[in-house]
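Undergrad: Quick one, target24.pdb (PDB, C-alpha atoms, pLDDT in the B column):
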```
ATOM      1  CA  MET A   1     144.084 -82.891 -49.196  1.00 66.00           C
ATOM      2  CA  THR A   2     144.882 -80.903 -52.264  1.00 74.00           C
ATOM      3  CA  MET A   3     146.874 -82.079 -55.244  1.00 80.00           C
ATOM      4  CA  ARG A   4     147.905 -78.508 -56.128  1.00 82.00           C
ATOM      5  CA  THR A   5     151.573 -77.661 -55.951  1.00 85.00           C
ATOM      6  CA  PRO A   6     152.689 -74.690 -53.837  1.00 84.00           C
ATOM      7  CA  LEU A   7     153.401 -72.862 -57.114  1.00 85.00           C
ATOM      8  CA  GLY A   8     149.887 -73.599 -58.422  1.00 81.00           C
ATOM      9  CA  ARG A   9     148.371 -72.154 -55.245  1.00 78.00           C
ATOM     10  CA  VAL A  10     150.133 -68.810 -55.545  1.00 79.00           C
ATOM     11  CA  LEU A  11     149.859 -68.364 -59.314  1.00 79.00           C
ATOM     12  CA  TYR A  12     147.383 -65.667 -60.424  1.00 75.00           C
ATOM     13  CA  HIS A  13     147.095 -64.264 -56.899  1.00 74.00           C
ATOM     14  CA  GLY A  14     149.776 -61.658 -57.335  1.00 72.00           C
ATOM     15  CA  SER A  15     150.595 -58.724 -59.576  1.00 75.00           C
ATOM     16  CA  ALA A  16     150.295 -59.089 -63.345  1.00 74.00           C
ATOM     17  CA  HIS A  17     153.314 -56.725 -63.570  1.00 77.00           C
ATOM     18  CA  ASP A  18     151.765 -54.434 -66.163  1.00 80.00           C
ATOM     19  CA  GLY A  19     150.044 -52.024 -63.766  1.00 83.00           C
ATOM     20  CA  VAL A  20     152.780 -49.393 -63.795  1.00 88.00           C
ATOM     21  CA  GLY A  21     152.881 -49.348 -67.593  1.00 91.00           C
ATOM     22  CA  HIS A  22     149.089 -48.910 -67.745  1.00 92.00           C
ATOM     23  CA  TRP A  23     149.204 -46.110 -65.170  1.00 93.00           C
ATOM     24  CA  MET A  24     152.069 -44.332 -66.921  1.00 94.00           C
ATOM     25  CA  VAL A  25     150.596 -44.561 -70.438  1.00 95.00           C
ATOM     26  CA  GLU A  26     147.293 -43.173 -69.135  1.00 95.00           C
ATOM     27  CA  ARG A  27     149.188 -40.126 -67.754  1.00 96.00           C
ATOM     28  CA  VAL A  28     151.459 -39.600 -70.739  1.00 97.00           C
ATOM     29  CA  THR A  29     148.601 -39.813 -73.252  1.00 97.00           C
ATOM     30  CA  GLY A  30     146.574 -37.485 -71.015  1.00 97.00           C
ATOM     31  CA  LEU A  31     149.427 -34.967 -70.908  1.00 97.00           C
ATOM     32  CA  ALA A  32     149.839 -35.069 -74.695  1.00 97.00           C
ATOM     33  CA  LEU A  33     146.078 -34.710 -75.170  1.00 98.00           C
ATOM     34  CA  ALA A  34     145.960 -31.492 -73.121  1.00 97.00           C
ATOM     35  CA  PRO A  35     147.368 -29.198 -75.864  1.00 97.00           C
ATOM     36  CA  LEU A  36     145.781 -31.288 -78.650  1.00 98.00           C
ATOM     37  CA  SER A  37     142.269 -31.096 -77.195  1.00 97.00           C
ATOM     38  CA  LEU A  38     142.623 -27.347 -76.561  1.00 97.00           C
ATOM     39  CA  TRP A  39     143.697 -26.950 -80.199  1.00 97.00           C
ATOM     40  CA  LEU A  40     140.697 -28.997 -81.418  1.00 97.00           C
ATOM     41  CA  LEU A  41     138.218 -27.075 -79.254  1.00 96.00           C
ATOM     42  CA  VAL A  42     139.496 -23.660 -80.367  1.00 95.00           C
ATOM     43  CA  SER A  43     139.760 -24.753 -84.042  1.00 95.00           C
ATOM     44  CA  LEU A  44     136.262 -26.225 -84.208  1.00 94.00           C
ATOM     45  CA  LEU A  45     134.649 -23.294 -82.402  1.00 92.00           C
ATOM     46  CA  SER A  46     136.375 -20.854 -84.759  1.00 90.00           C
ATOM     47  CA  LEU A  47     135.503 -22.750 -87.977  1.00 89.00           C
ATOM     48  CA  PRO A  48     133.490 -20.148 -89.881  1.00 83.00           C
ATOM     49  CA  HIS A  49     131.300 -22.710 -91.691  1.00 85.00           C
ATOM     50  CA  VAL A  50     130.686 -26.445 -91.515  1.00 88.00           C
ATOM     51  CA  ASP A  51     129.962 -27.034 -95.210  1.00 90.00           C
ATOM     52  CA  TYR A  52     132.074 -29.615 -97.082  1.00 93.00           C
ATOM     53  CA  ILE A  53     134.580 -27.154 -98.545  1.00 93.00           C
ATOM     54  CA  SER A  54     135.343 -25.409 -95.248  1.00 93.00           C
ATOM     55  CA  ALA A  55     135.465 -28.667 -93.276  1.00 94.00           C
ATOM     56  CA  SER A  56     137.696 -30.561 -95.733  1.00 95.00           C
ATOM     57  CA  ALA A  57     139.930 -27.512 -96.212  1.00 95.00           C
ATOM     58  CA  TRP A  58     140.441 -27.346 -92.454  1.00 96.00           C
ATOM     59  CA  VAL A  59     141.155 -31.092 -92.143  1.00 96.00           C
ATOM     60  CA  ALA A  60     143.718 -30.975 -94.968  1.00 95.00           C
ATOM     61  CA  SER A  61     145.358 -27.624 -94.261  1.00 93.00           C
ATOM     62  CA  GLY A  62     148.959 -27.320 -93.011  1.00 94.00           C
ATOM     63  CA  TRP A  63     149.886 -29.803 -90.302  1.00 97.00           C
ATOM     64  CA  ASN A  64     146.261 -30.342 -89.264  1.00 97.00           C
ATOM     65  CA  PRO A  65     146.260 -33.945 -90.625  1.00 97.00           C
ATOM     66  CA  VAL A  66     149.133 -34.744 -88.255  1.00 98.00           C
ATOM     67  CA  TRP A  67     147.484 -33.114 -85.223  1.00 98.00           C
ATOM     68  CA  LEU A  68     144.136 -34.708 -86.053  1.00 98.00           C
ATOM     69  CA  SER A  69     145.616 -38.195 -86.478  1.00 98.00           C
ATOM     70  CA  LEU A  70     147.620 -37.809 -83.267  1.00 98.00           C
ATOM     71  CA  LEU A  71     144.513 -36.600 -81.462  1.00 98.00           C
ATOM     72  CA  VAL A  72     142.407 -39.544 -82.651  1.00 98.00           C
ATOM     73  CA  LEU A  73     145.124 -42.123 -81.888  1.00 98.00           C
ATOM     74  CA  LEU A  74     145.990 -40.746 -78.445  1.00 98.00           C
ATOM     75  CA  SER A  75     142.318 -40.202 -77.501  1.00 98.00           C
ATOM     76  CA  ALA A  76     141.501 -43.765 -78.480  1.00 98.00           C
ATOM     77  CA  TRP A  77     144.459 -45.090 -76.473  1.00 98.00           C
ATOM     78  CA  HIS A  78     143.673 -42.925 -73.417  1.00 98.00           C
ATOM     79  CA  SER A  79     139.966 -43.764 -73.627  1.00 98.00           C
ATOM     80  CA  TRP A  80     140.676 -47.498 -73.993  1.00 98.00           C
ATOM     81  CA  LEU A  81     142.745 -47.473 -70.795  1.00 97.00           C
ATOM     82  CA  GLY A  82     140.181 -45.350 -68.925  1.00 97.00           C
ATOM     83  CA  VAL A  83     137.196 -47.456 -69.968  1.00 97.00           C
ATOM     84  CA  GLN A  84     139.143 -50.563 -68.952  1.00 96.00           C
ATOM     85  CA  VAL A  85     139.615 -49.244 -65.410  1.00 95.00           C
ATOM     86  CA  VAL A  86     135.934 -48.331 -65.086  1.00 96.00           C
ATOM     87  CA  VAL A  87     134.798 -51.714 -66.447  1.00 96.00           C
ATOM     88  CA  GLU A  88     137.140 -53.588 -64.105  1.00 93.00           C
ATOM     89  CA  ASP A  89     135.677 -51.640 -61.178  1.00 91.00           C
ATOM     90  CA  TYR A  90     131.972 -51.850 -61.967  1.00 92.00           C
ATOM     91  CA  VAL A  91     131.276 -54.793 -64.288  1.00 93.00           C
ATOM     92  CA  HIS A  92     131.211 -57.994 -62.281  1.00 91.00           C
ATOM     93  CA  GLY A  93     131.421 -61.614 -63.345  1.00 92.00           C
ATOM     94  CA  PHE A  94     134.069 -63.123 -65.594  1.00 92.00           C
ATOM     95  CA  GLY A  95     131.906 -63.333 -68.728  1.00 95.00           C
ATOM     96  CA  ALA A  96     130.400 -59.845 -68.572  1.00 96.00           C
ATOM     97  CA  LYS A  97     133.725 -58.263 -67.670  1.00 96.00           C
ATOM     98  CA  THR A  98     135.734 -60.059 -70.359  1.00 96.00           C
ATOM     99  CA  GLY A  99     133.032 -59.444 -72.962  1.00 97.00           C
ATOM    100  CA  THR A 100     132.835 -55.711 -72.192  1.00 97.00           C
ATOM    101  CA  LEU A 101     136.625 -55.354 -72.249  1.00 97.00           C
ATOM    102  CA  LEU A 102     136.860 -57.184 -75.585  1.00 98.00           C
ATOM    103  CA  LEU A 103     134.110 -55.025 -77.074  1.00 98.00           C
ATOM    104  CA  SER A 104     135.809 -51.875 -75.801  1.00 98.00           C
ATOM    105  CA  THR A 105     139.120 -52.989 -77.312  1.00 98.00           C
ATOM    106  CA  PHE A 106     137.579 -53.696 -80.720  1.00 98.00           C
ATOM    107  CA  VAL A 107     135.657 -50.404 -80.755  1.00 98.00           C
ATOM    108  CA  HIS A 108     138.730 -48.377 -79.777  1.00 98.00           C
ATOM    109  CA  VAL A 109     140.972 -49.980 -82.412  1.00 98.00           C
ATOM    110  CA  LEU A 110     138.242 -49.370 -84.998  1.00 98.00           C
ATOM    111  CA  LEU A 111     137.924 -45.711 -83.908  1.00 98.00           C
ATOM    112  CA  ALA A 112     141.674 -45.146 -84.096  1.00 98.00           C
ATOM    113  CA  LEU A 113     142.084 -46.685 -87.557  1.00 98.00           C
ATOM    114  CA  SER A 114     138.938 -45.146 -89.084  1.00 98.00           C
ATOM    115  CA  GLY A 115     139.846 -41.698 -87.773  1.00 98.00           C
ATOM    116  CA  VAL A 116     143.308 -41.762 -89.343  1.00 98.00           C
ATOM    117  CA  TYR A 117     141.985 -43.335 -92.564  1.00 98.00           C
ATOM    118  CA  ALA A 118     139.281 -40.656 -92.864  1.00 97.00           C
ATOM    119  CA  VAL A 119     141.861 -37.877 -92.431  1.00 97.00           C
ATOM    120  CA  LEU A 120     144.154 -39.453 -95.061  1.00 97.00           C
ATOM    121  CA  ARG A 121     141.296 -39.863 -97.545  1.00 96.00           C
ATOM    122  CA  THR A 122     140.442 -36.190 -97.153  1.00 96.00           C
ATOM    123  CA  VAL A 123     144.090 -35.186 -97.618  1.00 96.00           C
ATOM    124  CA  PHE A 124     144.612 -37.286-100.746  1.00 94.00           C
ATOM    125  CA  ARG A 125     141.294 -36.329-102.342  1.00 89.00           C
ATOM    126  CA  GLY A 126     142.403 -32.706-102.210  1.00 79.00           C
ATOM    127  CA  VAL A 127     140.195 -29.738-101.514  1.00 67.00           C
ATOM    128  CA  PRO A 128     137.745 -28.878-104.321  1.00 65.00           C
TER     129      PRO A 128
ATOM    130  CA  MET B   1     138.746 -65.718 -61.041  1.00 59.00           C
ATOM    131  CA  PRO B   2     140.533 -66.044 -57.694  1.00 65.00           C
ATOM    132  CA  GLU B   3     138.777 -64.529 -54.662  1.00 74.00           C
ATOM    133  CA  ARG B   4     140.801 -61.617 -53.367  1.00 76.00           C
ATOM    134  CA  PRO B   5     140.169 -59.431 -50.313  1.00 80.00           C
ATOM    135  CA  LEU B   6     138.335 -56.198 -51.148  1.00 79.00           C
ATOM    136  CA  SER B   7     138.640 -52.767 -49.571  1.00 80.00           C
ATOM    137  CA  PRO B   8     135.434 -51.446 -47.901  1.00 80.00           C
ATOM    138  CA  HIS B   9     132.868 -50.327 -50.463  1.00 77.00           C
ATOM    139  CA  VAL B  10     132.664 -46.611 -51.207  1.00 74.00           C
ATOM    140  CA  TRP B  11     129.332 -46.190 -49.344  1.00 76.00           C
ATOM    141  CA  HIS B  12     131.031 -47.042 -46.030  1.00 80.00           C
ATOM    142  CA  TYR B  13     132.912 -43.736 -46.112  1.00 82.00           C
ATOM    143  CA  ARG B  14     131.519 -40.352 -45.072  1.00 84.00           C
ATOM    144  CA  TRP B  15     130.721 -38.572 -48.323  1.00 85.00           C
ATOM    145  CA  ALA B  16     132.952 -35.675 -49.342  1.00 84.00           C
ATOM    146  CA  TYR B  17     132.481 -33.515 -52.434  1.00 87.00           C
ATOM    147  CA  THR B  18     135.942 -34.488 -53.609  1.00 88.00           C
ATOM    148  CA  MET B  19     134.474 -37.961 -54.137  1.00 89.00           C
ATOM    149  CA  THR B  20     131.785 -36.452 -56.357  1.00 91.00           C
ATOM    150  CA  LEU B  21     134.519 -34.704 -58.352  1.00 93.00           C
ATOM    151  CA  SER B  22     136.340 -38.022 -58.725  1.00 92.00           C
ATOM    152  CA  ILE B  23     133.213 -39.769 -60.019  1.00 93.00           C
ATOM    153  CA  LEU B  24     132.559 -36.851 -62.379  1.00 96.00           C
ATOM    154  CA  HIS B  25     136.053 -37.365 -63.801  1.00 96.00           C
ATOM    155  CA  ARG B  26     135.116 -40.927 -64.738  1.00 96.00           C
ATOM    156  CA  LEU B  27     131.660 -39.969 -66.055  1.00 97.00           C
ATOM    157  CA  THR B  28     133.023 -37.145 -68.207  1.00 97.00           C
ATOM    158  CA  GLY B  29     135.741 -39.532 -69.417  1.00 97.00           C
ATOM    159  CA  LEU B  30     133.087 -42.012 -70.552  1.00 97.00           C
ATOM    160  CA  ALA B  31     131.137 -39.158 -72.169  1.00 97.00           C
ATOM    161  CA  LEU B  32     134.295 -38.126 -74.026  1.00 98.00           C
ATOM    162  CA  THR B  33     134.596 -41.666 -75.405  1.00 98.00           C
ATOM    163  CA  LEU B  34     131.199 -41.056 -77.029  1.00 97.00           C
ATOM    164  CA  ALA B  35     132.406 -37.621 -78.176  1.00 97.00           C
ATOM    165  CA  LEU B  36     135.373 -39.360 -79.832  1.00 98.00           C
ATOM    166  CA  VAL B  37     132.912 -41.594 -81.700  1.00 97.00           C
ATOM    167  CA  GLY B  38     131.176 -38.401 -82.865  1.00 95.00           C
ATOM    168  CA  LEU B  39     134.462 -36.800 -83.955  1.00 97.00           C
ATOM    169  CA  VAL B  40     135.455 -39.902 -85.935  1.00 97.00           C
ATOM    170  CA  LEU B  41     131.995 -40.008 -87.582  1.00 95.00           C
ATOM    171  CA  TRP B  42     132.427 -36.369 -88.636  1.00 95.00           C
ATOM    172  CA  LEU B  43     135.933 -37.034 -89.986  1.00 96.00           C
ATOM    173  CA  ALA B  44     134.550 -40.115 -91.778  1.00 96.00           C
ATOM    174  CA  ALA B  45     131.768 -38.025 -93.332  1.00 95.00           C
ATOM    175  CA  ILE B  46     134.385 -35.598 -94.660  1.00 95.00           C
ATOM    176  CA  GLY B  47     136.632 -38.468 -95.786  1.00 95.00           C
ATOM    177  CA  LEU B  48     133.793 -40.172 -97.677  1.00 94.00           C
ATOM    178  CA  GLY B  49     133.429 -37.124 -99.894  1.00 92.00           C
ATOM    179  CA  PRO B  50     131.075 -34.233-100.657  1.00 93.00           C
ATOM    180  CA  ALA B  51     127.991 -36.327-101.529  1.00 93.00           C
ATOM    181  CA  ARG B  52     128.033 -38.262 -98.263  1.00 91.00           C
ATOM    182  CA  TYR B  53     128.885 -35.148 -96.269  1.00 94.00           C
ATOM    183  CA  VAL B  54     125.974 -33.179 -97.705  1.00 94.00           C
ATOM    184  CA  ALA B  55     123.651 -36.084 -96.865  1.00 93.00           C
ATOM    185  CA  TRP B  56     124.888 -36.163 -93.259  1.00 91.00           C
ATOM    186  CA  LEU B  57     125.019 -32.394 -92.747  1.00 91.00           C
ATOM    187  CA  PRO B  58     121.372 -31.903 -91.682  1.00 91.00           C
ATOM    188  CA  TRP B  59     121.963 -34.412 -88.868  1.00 89.00           C
ATOM    189  CA  LEU B  60     125.189 -32.703 -87.845  1.00 87.00           C
ATOM    190  CA  THR B  61     123.536 -29.302 -87.526  1.00 87.00           C
ATOM    191  CA  ALA B  62     120.170 -30.386 -86.056  1.00 89.00           C
ATOM    192  CA  TRP B  63     119.422 -29.147 -82.531  1.00 89.00           C
ATOM    193  CA  PRO B  64     119.888 -32.538 -80.784  1.00 92.00           C
ATOM    194  CA  ALA B  65     123.406 -32.585 -82.282  1.00 91.00           C
ATOM    195  CA  MET B  66     124.019 -29.056 -80.973  1.00 91.00           C
ATOM    196  CA  VAL B  67     122.943 -30.205 -77.498  1.00 93.00           C
ATOM    197  CA  LEU B  68     125.393 -33.129 -77.750  1.00 95.00           C
ATOM    198  CA  TYR B  69     128.197 -30.735 -78.787  1.00 94.00           C
ATOM    199  CA  GLY B  70     127.350 -28.609 -75.740  1.00 95.00           C
ATOM    200  CA  LEU B  71     127.502 -31.639 -73.421  1.00 96.00           C
ATOM    201  CA  ALA B  72     130.757 -32.774 -75.047  1.00 97.00           C
ATOM    202  CA  ILE B  73     132.254 -29.318 -74.437  1.00 96.00           C
ATOM    203  CA  VAL B  74     131.220 -29.377 -70.762  1.00 97.00           C
ATOM    204  CA  ALA B  75     132.659 -32.896 -70.375  1.00 97.00           C
ATOM    205  CA  LEU B  76     135.909 -31.956 -72.133  1.00 97.00           C
ATOM    206  CA  VAL B  77     136.430 -28.774 -70.132  1.00 97.00           C
ATOM    207  CA  TYR B  78     135.843 -30.523 -66.797  1.00 97.00           C
ATOM    208  CA  HIS B  79     137.909 -33.613 -67.673  1.00 97.00           C
ATOM    209  CA  PHE B  80     140.691 -31.314 -68.926  1.00 97.00           C
ATOM    210  CA  CYS B  81     140.827 -29.180 -65.740  1.00 97.00           C
ATOM    211  CA  ASN B  82     140.480 -32.104 -63.356  1.00 96.00           C
ATOM    212  CA  GLY B  83     142.970 -34.067 -65.447  1.00 96.00           C
ATOM    213  CA  LEU B  84     145.573 -31.351 -64.812  1.00 96.00           C
ATOM    214  CA  ARG B  85     144.744 -31.682 -61.078  1.00 96.00           C
ATOM    215  CA  HIS B  86     145.353 -35.430 -61.346  1.00 95.00           C
ATOM    216  CA  LEU B  87     148.677 -34.845 -63.126  1.00 95.00           C
ATOM    217  CA  ALA B  88     149.747 -32.504 -60.296  1.00 95.00           C
ATOM    218  CA  TRP B  89     148.921 -35.256 -57.766  1.00 94.00           C
ATOM    219  CA  ASP B  90     150.872 -37.748 -59.873  1.00 93.00           C
ATOM    220  CA  VAL B  91     154.053 -35.690 -59.474  1.00 93.00           C
ATOM    221  CA  GLY B  92     153.359 -35.541 -55.717  1.00 92.00           C
ATOM    222  CA  GLN B  93     151.868 -32.033 -55.483  1.00 91.00           C
ATOM    223  CA  GLY B  94     148.699 -30.942 -53.690  1.00 89.00           C
ATOM    224  CA  TYR B  95     147.978 -34.064 -51.680  1.00 87.00           C
ATOM    225  CA  GLU B  96     147.212 -32.244 -48.377  1.00 90.00           C
ATOM    226  CA  ARG B  97     143.517 -32.378 -47.599  1.00 88.00           C
ATOM    227  CA  ARG B  98     143.100 -28.600 -47.595  1.00 91.00           C
ATOM    228  CA  THR B  99     144.941 -28.229 -50.911  1.00 92.00           C
ATOM    229  CA  ALA B 100     143.029 -31.086 -52.525  1.00 90.00           C
ATOM    230  CA  ARG B 101     139.711 -29.545 -51.468  1.00 91.00           C
ATOM    231  CA  THR B 102     140.690 -26.050 -52.618  1.00 93.00           C
ATOM    232  CA  SER B 103     141.966 -27.331 -55.966  1.00 93.00           C
ATOM    233  CA  GLY B 104     138.640 -29.142 -56.359  1.00 93.00           C
ATOM    234  CA  TRP B 105     136.734 -25.865 -56.085  1.00 95.00           C
ATOM    235  CA  VAL B 106     139.200 -24.154 -58.424  1.00 95.00           C
ATOM    236  CA  VAL B 107     138.640 -26.907 -61.024  1.00 95.00           C
ATOM    237  CA  VAL B 108     134.860 -26.547 -60.786  1.00 95.00           C
ATOM    238  CA  GLY B 109     135.070 -22.737 -61.013  1.00 96.00           C
ATOM    239  CA  VAL B 110     137.479 -22.670 -63.964  1.00 96.00           C
ATOM    240  CA  ALA B 111     135.523 -25.409 -65.754  1.00 96.00           C
ATOM    241  CA  ILE B 112     132.224 -23.525 -65.395  1.00 97.00           C
ATOM    242  CA  VAL B 113     133.693 -20.265 -66.712  1.00 97.00           C
ATOM    243  CA  ALA B 114     135.525 -21.993 -69.604  1.00 96.00           C
ATOM    244  CA  ALA B 115     132.434 -24.040 -70.505  1.00 96.00           C
ATOM    245  CA  LEU B 116     130.274 -20.899 -70.561  1.00 96.00           C
ATOM    246  CA  VAL B 117     132.750 -19.136 -72.870  1.00 95.00           C
ATOM    247  CA  CYS B 118     132.825 -22.164 -75.224  1.00 94.00           C
ATOM    248  CA  LEU B 119     129.038 -22.539 -75.146  1.00 94.00           C
ATOM    249  CA  TYR B 120     128.709 -18.856 -76.065  1.00 93.00           C
ATOM    250  CA  PHE B 121     130.827 -19.437 -79.173  1.00 91.00           C
ATOM    251  CA  LEU B 122     128.926 -22.656 -79.975  1.00 91.00           C
ATOM    252  CA  ALA B 123     125.582 -20.839 -79.685  1.00 89.00           C
ATOM    253  CA  ARG B 124     126.876 -18.044 -81.933  1.00 85.00           C
ATOM    254  CA  HIS B 125     127.888 -20.749 -84.408  1.00 73.00           C
ATOM    255  CA  GLY B 126     124.456 -22.337 -84.278  1.00 62.00           C
ATOM    256  CA  ALA B 127     122.739 -19.017 -84.867  1.00 50.00           C
ATOM    257  CA  GLY B 128     125.113 -18.091 -87.713  1.00 44.00           C
ATOM    258  CA  PRO B 129     124.944 -19.050 -91.404  1.00 40.00           C
TER     259      PRO B 129
END
```
Let's see the structure in the file written out as structure tokens.

TA:
Amino acid sequence: MTMRTPLGRVLYHGSAHDGVGHWMVERVTGLALAPLSLWLLVSLLSLPHVDYISASAWVASGWNPVWLSLLVLLSAWHSWLGVQVVVEDYVHGFGAKTGTLLLSTFVHVLLALSGVYAVLRTVFRGVP
Amino acid sequence: MPERPLSPHVWHYRWAYTMTLSILHRLTGLALTLALVGLVLWLAAIGLGPARYVAWLPWLTAWPAMVLYGLAIVALVYHFCNGLRHLAWDVGQGYERRTARTSGWVVVGVAIVAALVCLYFLARHGAGP
């Protein structure tokens, strides 16, 4: 005989109700990253030099700080969601899975914030 | 965690190359996570100022770094093309088996050509001043 209530037996066996949001954000960030990643690829491959002056001038020029920050933020978001799906599929056991997901979350938040901070520092230092 | 019923494991299905393409999408996605780490490190080097950047520059232009840029380009180009294929599926297009297989070959073909073009420009960069 079990002391569990009918409600207790069904709890946590159904949908968490955030699957659609996860799915949709993965697509929307992916769609937004399509033009941004093309822009980054073409810009980096056409940078004439990679010395400090050329690199910082490129980071700070025009609307590049906006595109770069957007790119870093959206990539981190998209990557966080993607890594989560892969981890949930292939990392087994509650501890290992939770630990990997936590680590991934921390790393992605750190990446997003440091990327934007680095761009802002370059902008406000000004190009020599 | 509650025990839930699982669908048959992937090895129980007859292998089709579209499955390889699907796995490649995940692998290139993971590789691009590492590429994002690289991009943020580069931005951080610029953000930390000329002294730090000059100190890091030899590492950024060493040949192992060039190889990593090449791999990142291949991963990006494939993930980009196959990502567009996924987006088409997500709006309900191209689900027929024939279409899905053809679009798979198109993605591989376009990705190879685009990657070769990018790698050409990267190599020219590496050889330049």

Undergrad: Using all atoms listed in the file, find which residues of chain A lie within 6 Å of chain B and jot them down as a ChimeraX atom specification.

TA: /A:52,115,118,121-122

Undergrad: Go ahead and write the selection's residues with C-alpha atoms as a PDB file, in the coordinates of the input.

TA:
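File produced: out_3.pdb:
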```pdb
ATOM      1  CA  TYR A  52     132.074 -29.615 -97.082  1.00 93.00           C
ATOM      2  CA  GLY A 115     139.846 -41.698 -87.773  1.00 98.00           C
ATOM      3  CA  ALA A 118     139.281 -40.656 -92.864  1.00 97.00           C
ATOM      4  CA  ARG A 121     141.296 -39.863 -97.545  1.00 96.00           C
ATOM      5  CA  THR A 122     140.442 -36.190 -97.153  1.00 96.00           C
TER       6      THR A 122
END
```

Undergrad: In Å to one decimal, how far is atom CA of A:Val123 from atom CA of A:Ile53?

TA: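 About the pair atom CA of A:Ile53 and atom CA of A:Val123: they are 12.5 Å apart.
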
Undergrad: Out of A:Trp77, A:Tyr117, A:Phe94, A:Phe106, which residue has the shortest atom-to-atom distance to A:Ala32 when counting all atoms listed in the file?

TA: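 Counting all atoms listed in the file, the residue closest to A:Ala32 is A:Trp77.
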
Undergrad: Mind giving me the straight-line distance from atom CA of A:Asn64 to atom CA of A:Ser114 in Å, one decimal?

TA: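 These two atoms are separated by 16.5 Å.
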
Undergrad: Could you expand the PyMOL selection byres ((chain B and resi 96-113) around 9) into the explicit residues it covers here, written as an MDAnalysis selection string?

TA: chainID B and resid 17:18 21 74 77:82 85 89 93:95 114:118

Undergrad: Write the selection just made, keeping C-alpha atoms, as a PDB file, in the frame of the given file?

TA:
```pdb
ATOM      1  CA  TYR B  17     132.481 -33.515 -52.434  1.00 87.00           C
ATOM      2  CA  THR B  18     135.942 -34.488 -53.609  1.00 88.00           C
ATOM      3  CA  LEU B  21     134.519 -34.704 -58.352  1.00 93.00           C
ATOM      4  CA  VAL B  74     131.220 -29.377 -70.762  1.00 97.00           C
ATOM      5  CA  VAL B  77     136.430 -28.774 -70.132  1.00 97.00           C
ATOM      6  CA  TYR B  78     135.843 -30.523 -66.797  1.00 97.00           C
ATOM      7  CA  HIS B  79     137.909 -33.613 -67.673  1.00 97.00           C
ATOM      8  CA  PHE B  80     140.691 -31.314 -68.926  1.00 97.00           C
ATOM      9  CA  CYS B  81     140.827 -29.180 -65.740  1.00 97.00           C
ATOM     10  CA  ASN B  82     140.480 -32.104 -63.356  1.00 96.00           C
ATOM     11  CA  ARG B  85     144.744 -31.682 -61.078  1.00 96.00           C
ATOM     12  CA  TRP B  89     148.921 -35.256 -57.766  1.00 94.00           C
ATOM     13  CA  GLN B  93     151.868 -32.033 -55.483  1.00 91.00           C
ATOM     14  CA  GLY B  94     148.699 -30.942 -53.690  1.00 89.00           C
ATOM     15  CA  TYR B  95     147.978 -34.064 -51.680  1.00 87.00           C
ATOM     16  CA  ALA B 114     135.525 -21.993 -69.604  1.00 96.00           C
ATOM     17  CA  ALA B 115     132.434 -24.040 -70.505  1.00 96.00           C
ATOM     18  CA  LEU B 116     130.274 -20.899 -70.561  1.00 96.00           C
ATOM     19  CA  VAL B 117     132.750 -19.136 -72.870  1.00 95.00           C
ATOM     20  CA  CYS B 118     132.825 -22.164 -75.224  1.00 94.00           C
TER      21      CYS B 118
END
```

Undergrad: Just the number, please: distance in Å from atom CA of A:Val25 to atom CA of A:Val66, one decimal.

TA: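 Computing the Euclidean distance for atom CA of A:Val25 and atom CA of A:Val66 yields 20.4 Å.
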
Undergrad: At a cut-off of 8 Å, using all atoms listed in the file, what residues contact A:Leu73? Leave out same-chain residues fewer than 6 positions from it and give the result as a ChimeraX atom specification.

TA: /A:112-113,115-116

Undergrad: Which of these residues is nearest to A:Arg27, using all atoms listed in the file: B:Val91, B:His12, B:Leu24, B:Trp63?

TA: B:Val91

Undergrad: Starting from the PyMOL selection byres ((chain A and resi 105) around 10), expand the selection into actual residues of this file and give them as a PyMOL selection string.

TA: chain A and resi 76-77+79-81+83-84+99-104+106-111

Undergrad: Emit as lines of an AutoDock Vina configuration file the padded axis-aligned box for all listed atoms of stretch 21-26 of chain A, 3 Å per side, with centre and edge lengths in Å to one decimal.

TA:
```
center_x = 150.1
center_y = -46.3
center_z = -67.8
size_x = 11.6
size_y = 12.2
size_z = 11.3
```

Undergrad: Could you tell me which of A:Ser75, A:Tyr12, A:Ala60, A:Val42 comes closest to A:Val28 if we count all atoms listed in the file?

TA: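 Once distances to A:Val28 are computed over all atoms listed in the file, the minimum belongs to A:Ser75.
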